[in-house]
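One file, final.csv, is given below (CSV, C-alpha atoms).
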chain,number,residue,atom,x,y,z
A,1,MET,CA,80.9,101.3,87.8
A,2,LYS,CA,82.0,98.0,86.3
A,3,LEU,CA,79.4,96.2,88.5
A,4,SER,CA,76.6,98.4,87.2
A,5,GLN,CA,77.7,97.7,83.6
A,6,LYS,CA,77.6,94.0,84.2
A,7,ARG,CA,74.1,94.3,85.6
A,8,SER,CA,72.9,96.4,82.7
A,9,ASN,CA,74.3,94.4,79.9
A,10,PRO,CA,72.1,91.2,80.4
A,11,HIS,CA,69.2,93.6,81.0
A,12,ARG,CA,69.9,95.3,77.7
A,13,ILE,CA,70.2,92.0,75.8
A,14,ALA,CA,66.9,90.8,77.3
A,15,LEU,CA,65.2,94.0,76.2
A,16,LEU,CA,66.7,93.7,72.7
A,17,GLY,CA,65.5,90.1,72.5
A,18,ILE,CA,61.9,91.1,73.5
A,19,LEU,CA,61.8,93.9,71.0
A,20,THR,CA,63.2,91.7,68.3
A,21,ALA,CA,60.5,89.2,69.0
A,22,ILE,CA,57.9,91.9,68.7
A,23,ILE,CA,59.3,93.1,65.4
A,24,LEU,CA,59.2,89.5,64.0
A,25,ILE,CA,55.6,89.0,65.2
A,26,GLN,CA,54.5,92.4,63.7
A,27,ASN,CA,56.1,91.5,60.3
A,28,PHE,CA,54.7,88.0,59.9
A,29,VAL,CA,51.4,88.0,61.8
A,30,PRO,CA,48.7,89.8,59.7
A,31,PHE,CA,47.2,93.0,61.1
A,32,LEU,CA,49.7,93.3,64.0
A,33,GLY,CA,52.0,95.5,62.0
A,34,ASN,CA,49.3,97.7,60.5
A,35,ILE,CA,46.3,99.6,61.5
A,36,PRO,CA,43.6,99.0,58.8
A,37,ILE,CA,41.9,102.4,58.6
A,38,PRO,CA,40.3,102.5,55.1
A,39,PRO,CA,41.4,103.8,52.7
A,40,LEU,CA,44.7,104.0,54.6
A,41,ASN,CA,46.8,101.1,55.9
A,42,PRO,CA,49.4,102.8,58.2
A,43,THR,CA,52.2,100.7,59.6
A,44,ILE,CA,52.8,100.6,63.4
A,45,ILE,CA,56.1,98.6,63.2
A,46,HIS,CA,58.0,101.9,63.3
A,47,ILE,CA,56.6,102.5,66.7
A,48,THR,CA,58.5,99.6,68.1
A,49,VAL,CA,61.8,101.1,66.8
A,50,ILE,CA,60.9,104.5,68.2
A,51,VAL,CA,60.1,103.0,71.6
A,52,ALA,CA,63.4,101.1,71.6
A,53,THR,CA,65.2,104.3,70.9
A,54,LEU,CA,63.5,106.4,73.6
A,55,THR,CA,63.5,103.6,76.2
A,56,MET,CA,67.0,102.3,75.7
A,57,SER,CA,69.3,104.4,73.4
A,58,THR,CA,69.8,105.7,69.9
A,59,LYS,CA,72.2,102.8,69.2
A,60,ASP,CA,69.7,100.2,70.3
A,61,GLY,CA,66.9,101.9,68.3
A,62,MET,CA,69.2,101.7,65.2
A,63,ILE,CA,69.8,97.9,66.0
A,64,ILE,CA,66.0,97.2,66.2
A,65,GLY,CA,65.4,99.3,63.1
A,66,GLY,CA,68.1,97.2,61.3
A,67,ILE,CA,66.4,94.0,62.5
A,68,TRP,CA,63.1,95.3,61.0
A,69,GLY,CA,64.8,96.1,57.7
A,70,ILE,CA,66.4,92.6,57.5
A,71,THR,CA,63.2,90.9,58.4
A,72,ARG,CA,61.4,92.9,55.7
A,73,MET,CA,63.9,91.8,53.1
A,74,VAL,CA,63.6,88.2,54.2
A,75,ARG,CA,59.8,88.4,53.9
A,76,ALA,CA,60.1,90.0,50.4
A,77,TYR,CA,62.3,87.1,49.3
A,78,THR,CA,60.3,84.3,50.9
A,79,MET,CA,56.7,85.6,51.0
A,80,PRO,CA,56.3,88.3,48.3
A,81,ALA,CA,52.8,89.6,48.3
A,82,THR,CA,53.2,91.4,44.9
A,83,PRO,CA,55.9,91.8,42.2
A,84,LEU,CA,56.6,95.1,43.8
A,85,ASP,CA,57.9,93.3,47.0
A,86,LEU,CA,60.7,91.7,45.0
A,87,MET,CA,61.5,94.9,43.2
A,88,LEU,CA,61.5,97.3,46.2
A,89,TRP,CA,61.9,95.4,49.5
A,90,THR,CA,64.9,93.3,48.5
A,91,ASN,CA,66.9,96.5,48.1
A,92,PRO,CA,68.8,97.4,51.3
A,93,MET,CA,68.6,101.1,50.5
A,94,ILE,CA,64.8,100.9,50.7
A,95,ALA,CA,64.2,98.1,53.2
A,96,LEU,CA,67.1,98.6,55.6
A,97,VAL,CA,68.6,102.1,55.6
A,98,PRO,CA,65.4,104.1,56.4
A,99,ARG,CA,64.6,101.7,59.3
A,100,ILE,CA,68.1,102.3,60.8
A,101,LEU,CA,67.6,106.0,60.3
A,102,ILE,CA,64.5,105.9,62.4
A,103,GLY,CA,66.5,105.2,65.5
A,104,LEU,CA,69.2,107.8,64.6
A,105,PHE,CA,66.8,110.7,63.8
A,106,THR,CA,64.5,109.8,66.8
A,107,GLY,CA,67.5,109.9,69.1
A,108,TRP,CA,68.8,113.2,67.7
A,109,SER,CA,65.5,114.9,67.7
A,110,TYR,CA,64.6,113.8,71.3
A,111,ALA,CA,67.9,115.3,72.5
A,112,LEU,CA,66.8,118.6,70.8
A,113,PHE,CA,63.2,118.5,72.0
A,114,LYS,CA,64.2,117.6,75.5
A,115,ARG,CA,66.0,121.0,75.7
A,116,LEU,CA,63.1,122.8,74.0
A,117,PHE,CA,60.4,121.2,76.1
A,118,SER,CA,62.3,120.9,79.3
A,119,LYS,CA,59.1,121.1,81.4
A,120,SER,CA,57.2,118.3,79.4
A,121,ASP,CA,59.1,115.1,78.6
A,122,LYS,CA,55.9,113.6,77.2
A,123,LEU,CA,55.8,116.4,74.6
A,124,ALA,CA,59.5,115.8,73.8
A,125,ILE,CA,58.8,112.1,73.3
A,126,ALA,CA,55.7,112.8,71.1
A,127,SER,CA,57.6,115.3,69.0
A,128,ALA,CA,60.6,112.9,68.5
A,129,SER,CA,58.1,110.2,67.6
A,130,VAL,CA,56.7,112.3,64.8
A,131,VAL,CA,60.2,112.9,63.5
A,132,GLY,CA,61.0,109.2,63.6
A,133,SER,CA,57.8,108.3,61.9
A,134,PHE,CA,58.3,110.8,59.0
A,135,THR,CA,61.9,109.6,58.7
A,136,ASN,CA,60.7,106.2,57.7
A,137,THR,CA,58.1,107.4,55.3
A,138,ILE,CA,60.1,110.1,53.6
A,139,PHE,CA,63.3,108.1,53.1
A,140,VAL,CA,61.5,105.0,51.9
A,141,LEU,CA,59.6,107.0,49.3
A,142,LEU,CA,62.7,109.1,48.4
A,143,PHE,CA,64.8,106.0,47.7
A,144,ILE,CA,61.9,104.4,45.7
A,145,TYR,CA,61.8,107.6,43.6
A,146,LEU,CA,65.6,107.6,43.1
A,147,PHE,CA,66.2,103.9,42.4
A,148,PHE,CA,63.0,102.7,40.9
A,149,GLY,CA,61.1,105.8,39.8
A,150,GLU,CA,60.2,104.6,36.3
A,151,PRO,CA,59.2,101.0,37.0
A,152,TYR,CA,57.4,102.0,40.2
A,153,ALA,CA,55.4,104.7,38.2
A,154,GLN,CA,54.5,102.0,35.7
A,155,ALA,CA,53.5,99.6,38.4
A,156,ILE,CA,51.1,102.0,40.0
A,157,ASP,CA,49.9,103.4,36.6
A,158,VAL,CA,51.2,106.9,37.1
A,159,ASP,CA,53.1,109.0,34.6
A,160,ILE,CA,56.7,109.4,35.7
A,161,SER,CA,56.3,113.2,35.5
A,162,ASN,CA,53.5,112.9,38.2
A,163,LEU,CA,55.3,110.4,40.4
A,164,ALA,CA,56.7,113.0,42.9
A,165,GLY,CA,53.2,114.3,43.4
A,166,ALA,CA,51.8,110.8,43.9
A,167,LEU,CA,54.5,110.0,46.5
A,168,GLY,CA,53.7,113.3,48.2
A,169,ILE,CA,50.1,112.2,48.5
A,170,ILE,CA,51.3,109.1,50.3
A,171,VAL,CA,53.2,111.2,52.7
A,172,ALA,CA,50.2,113.4,53.3
A,173,THR,CA,47.9,110.5,54.0
A,174,ASN,CA,49.6,107.3,55.3
A,175,GLY,CA,52.6,109.3,56.5
A,176,VAL,CA,50.5,111.7,58.5
A,177,ALA,CA,48.4,108.9,59.9
A,178,GLU,CA,51.5,107.0,61.0
A,179,ALA,CA,53.0,110.1,62.6
A,180,ILE,CA,49.8,110.8,64.6
A,181,ALA,CA,49.7,107.2,65.7
A,182,ALA,CA,53.3,107.4,66.8
A,183,ALA,CA,52.8,110.7,68.7
A,184,ILE,CA,49.8,109.2,70.6
A,185,ILE,CA,51.0,105.6,71.2
A,186,VAL,CA,54.8,106.0,71.9
A,187,PRO,CA,54.5,108.2,75.0
A,188,LEU,CA,51.8,105.8,76.4
A,189,ILE,CA,54.3,103.0,76.1
A,190,THR,CA,57.6,104.7,76.7
A,191,VAL,CA,56.8,106.6,80.0
A,192,PRO,CA,55.7,103.5,82.0
A,193,LEU,CA,58.3,101.3,80.4
A,194,ARG,CA,61.1,103.7,81.5
A,195,LYS,CA,59.8,103.4,85.1
A,196,ILE,CA,59.9,99.6,84.8
A,197,THR,CA,63.4,99.6,83.3
A,198,HIS,CA,64.6,102.4,85.7
A,199,GLN,CA,65.5,104.6,82.7
A,200,LYS,CA,65.1,108.4,83.2

Could you rewrite the structure in this file as structure tokens?
Amino acid sequence: MKLSQKRSNPHRIALLGILTAIILIQNFVPFLGNIPIPPLNPTIIHITVIVATLTMSTKDGMIIGGIWGITRMVRAYTMPATPLDLMLWTNPMIALVPRILIGLFTGWSYALFKRLFSKSDKLAIASASVVGSFTNTIFVLLFIYLFFGEPYAQAIDVDISNLAGALGIIVATNGVAEAIAAAIIVPLITVPLRKITHQK
């Protein structure tokens, strides 16, 4: 038992290092973290977090999600694209917490869907990926609404009374696009990756 743990620990660290590198590349190299589908611009960085969770563990997914969140904060401080970057993405509740929750909710939902869809692991993976994707979208927008509702409404030229509806439209457009992308892409990556890493 101890010997297997010694083998697995360097293996885990190596995988975390690879996934961290992918997160950094997706954050700082244009177009690698998003799919430009006009008029939408869905992110695919959450897919890396979901893959980490389903290939390794819930804890590792939360670590990779946390790395994404920290990287996003650093980018907002050092390379802000708009004034909204400094207002929103320097706040840990918006930039960090939802990313960590991706790993947590993906892991929890996969455990549930694995029991519900015991004959189709791919379906369980796809379903958990949808949950993980919506976790990111919903919590980011919820925290924006709670912490920066009025200034955010002013920035996007929406009356504060209509902000909830405007955010709901984002969920129904970008959020759905991101969830569909996750449901399609994550099983294609996770299933063969598990075979390579000897994970069941």

task = Using all atoms listed in the file, determine which residues lie at most 8 Å from stretch 113-129 of chain A, disregarding the query and same-chain residues fewer than 2 positions distant; provide the list as an MDAnalysis selection string.
result = chainID A and resid 47 50 54 106:107 109:111 131:133 179 182:184 186:187 191

query = Out of A:Ala81, A:Val130, A:Leu142, A:Leu112, which residue has the shortest atom-to-atom distance to A:Ile94 when counting only C-alpha atoms?
reply =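 Selected residue with least distance to A:Ile94: A:Leu142.
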
task = Tell me which of A:Asn162, A:Thr78, A:Thr55, A:Asn174 sits closest to A:Pro192, counting all atoms listed in the file.
result =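 Checking each candidate against A:Pro192, we get A:Thr55 as the closest.
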
message = If I take atom CA of A:Thr48 and atom CA of A:Ala76, how far is one from the other in Å, to one decimal?
response = 20.2 Å

query = Could you state the separation of atom CA of A:Phe105 and atom CA of A:Leu163 in Å, given to one decimal place?
reply =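 Atom CA of A:Phe105 sits 26.1 Å away from atom CA of A:Leu163.
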
key: One-decimal distance in Å that lies between atom CA of A:Leu96 and atom CA of A:Ile25   = 17.8 Å

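With distances taken over only C-alpha atoms, A:Leu24 is the one residue among A:Ile45, A:Ala52, A:Leu24, A:Val97 lying closest to A:Arg75.
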
ask   = Of the residues A:Leu86, A:Ile196, A:Leu32, A:Ile138, which is the one nearest to A:Ala172, using only C-alpha atoms?
value =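 Checking each candidate against A:Ala172, we get A:Ile138 as the closest.
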
key: Selected residue of minimal separation from A:Thr43 among A:Ile100, A:Ile180, A:Leu188, A:Ala166, counting all atoms listed in the file   = A:Ile180

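Each of A:Ile102, A:Gly61, A:Tyr145, A:Met56 was checked against A:Gly165 using only C-alpha atoms; the smallest atom-to-atom distance is that of A:Tyr145.
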
Just the residues within 12 Å of stretch 13-21 of chain A, please, counting all atoms listed in the file, with nothing from its chain fewer than 2 positions along; format it as an mmCIF file with C-alpha atoms, in the coordinates of the input.
data_model
loop_
_atom_site.group_PDB
_atom_site.id
_atom_site.type_symbol
_atom_site.label_atom_id
_atom_site.label_comp_id
_atom_site.auth_asym_id
_atom_site.auth_seq_id
_atom_site.Cartn_x
_atom_site.Cartn_y
_atom_site.Cartn_z
ATOM 1 C CA LYS A 6 77.600 94.000 84.200
ATOM 2 C CA ARG A 7 74.100 94.300 85.600
ATOM 3 C CA SER A 8 72.900 96.400 82.700
ATOM 4 C CA ASN A 9 74.300 94.400 79.900
ATOM 5 C CA PRO A 10 72.100 91.200 80.400
ATOM 6 C CA HIS A 11 69.200 93.600 81.000
ATOM 7 C CA ILE A 23 59.300 93.100 65.400
ATOM 8 C CA LEU A 24 59.200 89.500 64.000
ATOM 9 C CA ILE A 25 55.600 89.000 65.200
ATOM 10 C CA GLN A 26 54.500 92.400 63.700
ATOM 11 C CA ASN A 27 56.100 91.500 60.300
ATOM 12 C CA PHE A 28 54.700 88.000 59.900
ATOM 13 C CA VAL A 29 51.400 88.000 61.800
ATOM 14 C CA ILE A 45 56.100 98.600 63.200
ATOM 15 C CA HIS A 46 58.000 101.900 63.300
ATOM 16 C CA ILE A 47 56.600 102.500 66.700
ATOM 17 C CA THR A 48 58.500 99.600 68.100
ATOM 18 C CA VAL A 49 61.800 101.100 66.800
ATOM 19 C CA ILE A 50 60.900 104.500 68.200
ATOM 20 C CA VAL A 51 60.100 103.000 71.600
ATOM 21 C CA ALA A 52 63.400 101.100 71.600
ATOM 22 C CA THR A 53 65.200 104.300 70.900
ATOM 23 C CA THR A 55 63.500 103.600 76.200
ATOM 24 C CA MET A 56 67.000 102.300 75.700
ATOM 25 C CA SER A 57 69.300 104.400 73.400
ATOM 26 C CA LYS A 59 72.200 102.800 69.200
ATOM 27 C CA ASP A 60 69.700 100.200 70.300
ATOM 28 C CA GLY A 61 66.900 101.900 68.300
ATOM 29 C CA MET A 62 69.200 101.700 65.200
ATOM 30 C CA ILE A 63 69.800 97.900 66.000
ATOM 31 C CA ILE A 64 66.000 97.200 66.200
ATOM 32 C CA GLY A 65 65.400 99.300 63.100
ATOM 33 C CA GLY A 66 68.100 97.200 61.300
ATOM 34 C CA ILE A 67 66.400 94.000 62.500
ATOM 35 C CA TRP A 68 63.100 95.300 61.000
ATOM 36 C CA GLY A 69 64.800 96.100 57.700
ATOM 37 C CA ILE A 70 66.400 92.600 57.500
ATOM 38 C CA THR A 71 63.200 90.900 58.400
ATOM 39 C CA LEU A 193 58.300 101.300 80.400
ATOM 40 C CA ARG A 194 61.100 103.700 81.500
ATOM 41 C CA ILE A 196 59.900 99.600 84.800
ATOM 42 C CA THR A 197 63.400 99.600 83.300
#

Please complete stretch 108-138 of chain A so it has N, CA and C atoms, and hand it over as a CSV table (one decimal), in the frame of the given file.
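Saved to part_24.csv:
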chain,number,residue,atom,x,y,z
A,108,TRP,N,68.4,111.8,67.9
A,108,TRP,CA,68.8,113.2,67.7
A,108,TRP,C,67.7,114.2,68.0
A,109,SER,N,66.6,113.9,67.5
A,109,SER,CA,65.5,114.9,67.7
A,109,SER,C,65.0,114.9,69.2
A,110,TYR,N,65.0,113.8,69.8
A,110,TYR,CA,64.6,113.8,71.3
A,110,TYR,C,65.6,114.6,72.1
A,111,ALA,N,66.9,114.5,71.8
A,111,ALA,CA,67.9,115.3,72.5
A,111,ALA,C,67.6,116.8,72.3
A,112,LEU,N,67.2,117.2,71.1
A,112,LEU,CA,66.8,118.6,70.8
A,112,LEU,C,65.5,119.0,71.5
A,113,PHE,N,64.5,118.2,71.4
A,113,PHE,CA,63.2,118.5,72.0
A,113,PHE,C,63.2,118.5,73.5
A,114,LYS,N,64.1,117.7,74.0
A,114,LYS,CA,64.2,117.6,75.5
A,114,LYS,C,64.6,118.9,76.1
A,115,ARG,N,65.5,119.6,75.3
A,115,ARG,CA,66.0,121.0,75.7
A,115,ARG,C,64.9,122.0,75.4
A,116,LEU,N,64.2,121.9,74.3
A,116,LEU,CA,63.1,122.8,74.0
A,116,LEU,C,61.9,122.7,74.9
A,117,PHE,N,61.6,121.5,75.2
A,117,PHE,CA,60.4,121.2,76.1
A,117,PHE,C,60.8,120.7,77.4
A,118,SER,N,61.7,121.4,78.1
A,118,SER,CA,62.3,120.9,79.3
A,118,SER,C,61.3,120.6,80.4
A,119,LYS,N,60.1,121.2,80.3
A,119,LYS,CA,59.1,121.1,81.4
A,119,LYS,C,58.1,119.9,81.0
A,120,SER,N,58.2,119.4,79.8
A,120,SER,CA,57.2,118.3,79.4
A,120,SER,C,58.0,117.3,78.6
A,121,ASP,N,58.4,116.2,79.3
A,121,ASP,CA,59.1,115.1,78.6
A,121,ASP,C,58.2,114.4,77.7
A,122,LYS,N,56.9,114.3,78.0
A,122,LYS,CA,55.9,113.6,77.2
A,122,LYS,C,55.8,114.3,75.8
A,123,LEU,N,55.9,115.7,75.8
A,123,LEU,CA,55.8,116.4,74.6
A,123,LEU,C,57.1,116.2,73.8
A,124,ALA,N,58.2,116.1,74.5
A,124,ALA,CA,59.5,115.8,73.8
A,124,ALA,C,59.4,114.5,73.1
A,125,ILE,N,58.9,113.5,73.9
A,125,ILE,CA,58.8,112.1,73.3
A,125,ILE,C,57.9,112.1,72.1
A,126,ALA,N,56.7,112.8,72.2
A,126,ALA,CA,55.7,112.8,71.1
A,126,ALA,C,56.3,113.4,69.9
A,127,SER,N,57.0,114.5,70.1
A,127,SER,CA,57.6,115.3,69.0
A,127,SER,C,58.7,114.4,68.3
A,128,ALA,N,59.6,113.8,69.1
A,128,ALA,CA,60.6,112.9,68.5
A,128,ALA,C,60.0,111.7,67.8
A,129,SER,N,58.8,111.3,68.3
A,129,SER,CA,58.1,110.2,67.6
A,129,SER,C,57.6,110.6,66.2
A,130,VAL,N,57.1,111.8,66.1
A,130,VAL,CA,56.7,112.3,64.8
A,130,VAL,C,57.9,112.3,63.8
A,131,VAL,N,59.0,112.8,64.3
A,131,VAL,CA,60.2,112.9,63.5
A,131,VAL,C,60.6,111.5,63.0
A,132,GLY,N,60.6,110.5,64.0
A,132,GLY,CA,61.0,109.2,63.6
A,132,GLY,C,60.1,108.5,62.6
A,133,SER,N,58.8,108.8,62.8
A,133,SER,CA,57.8,108.3,61.9
A,133,SER,C,58.0,108.8,60.4
A,134,PHE,N,58.1,110.1,60.3
A,134,PHE,CA,58.3,110.8,59.0
A,134,PHE,C,59.7,110.4,58.4
A,135,THR,N,60.7,110.1,59.2
A,135,THR,CA,61.9,109.6,58.7
A,135,THR,C,61.8,108.4,57.9
A,136,ASN,N,61.0,107.4,58.4
A,136,ASN,CA,60.7,106.2,57.7
A,136,ASN,C,60.0,106.4,56.4
A,137,THR,N,58.9,107.2,56.5
A,137,THR,CA,58.1,107.4,55.3
A,137,THR,C,58.8,108.2,54.2
A,138,ILE,N,59.5,109.2,54.6
A,138,ILE,CA,60.1,110.1,53.6
A,138,ILE,C,61.3,109.4,52.9
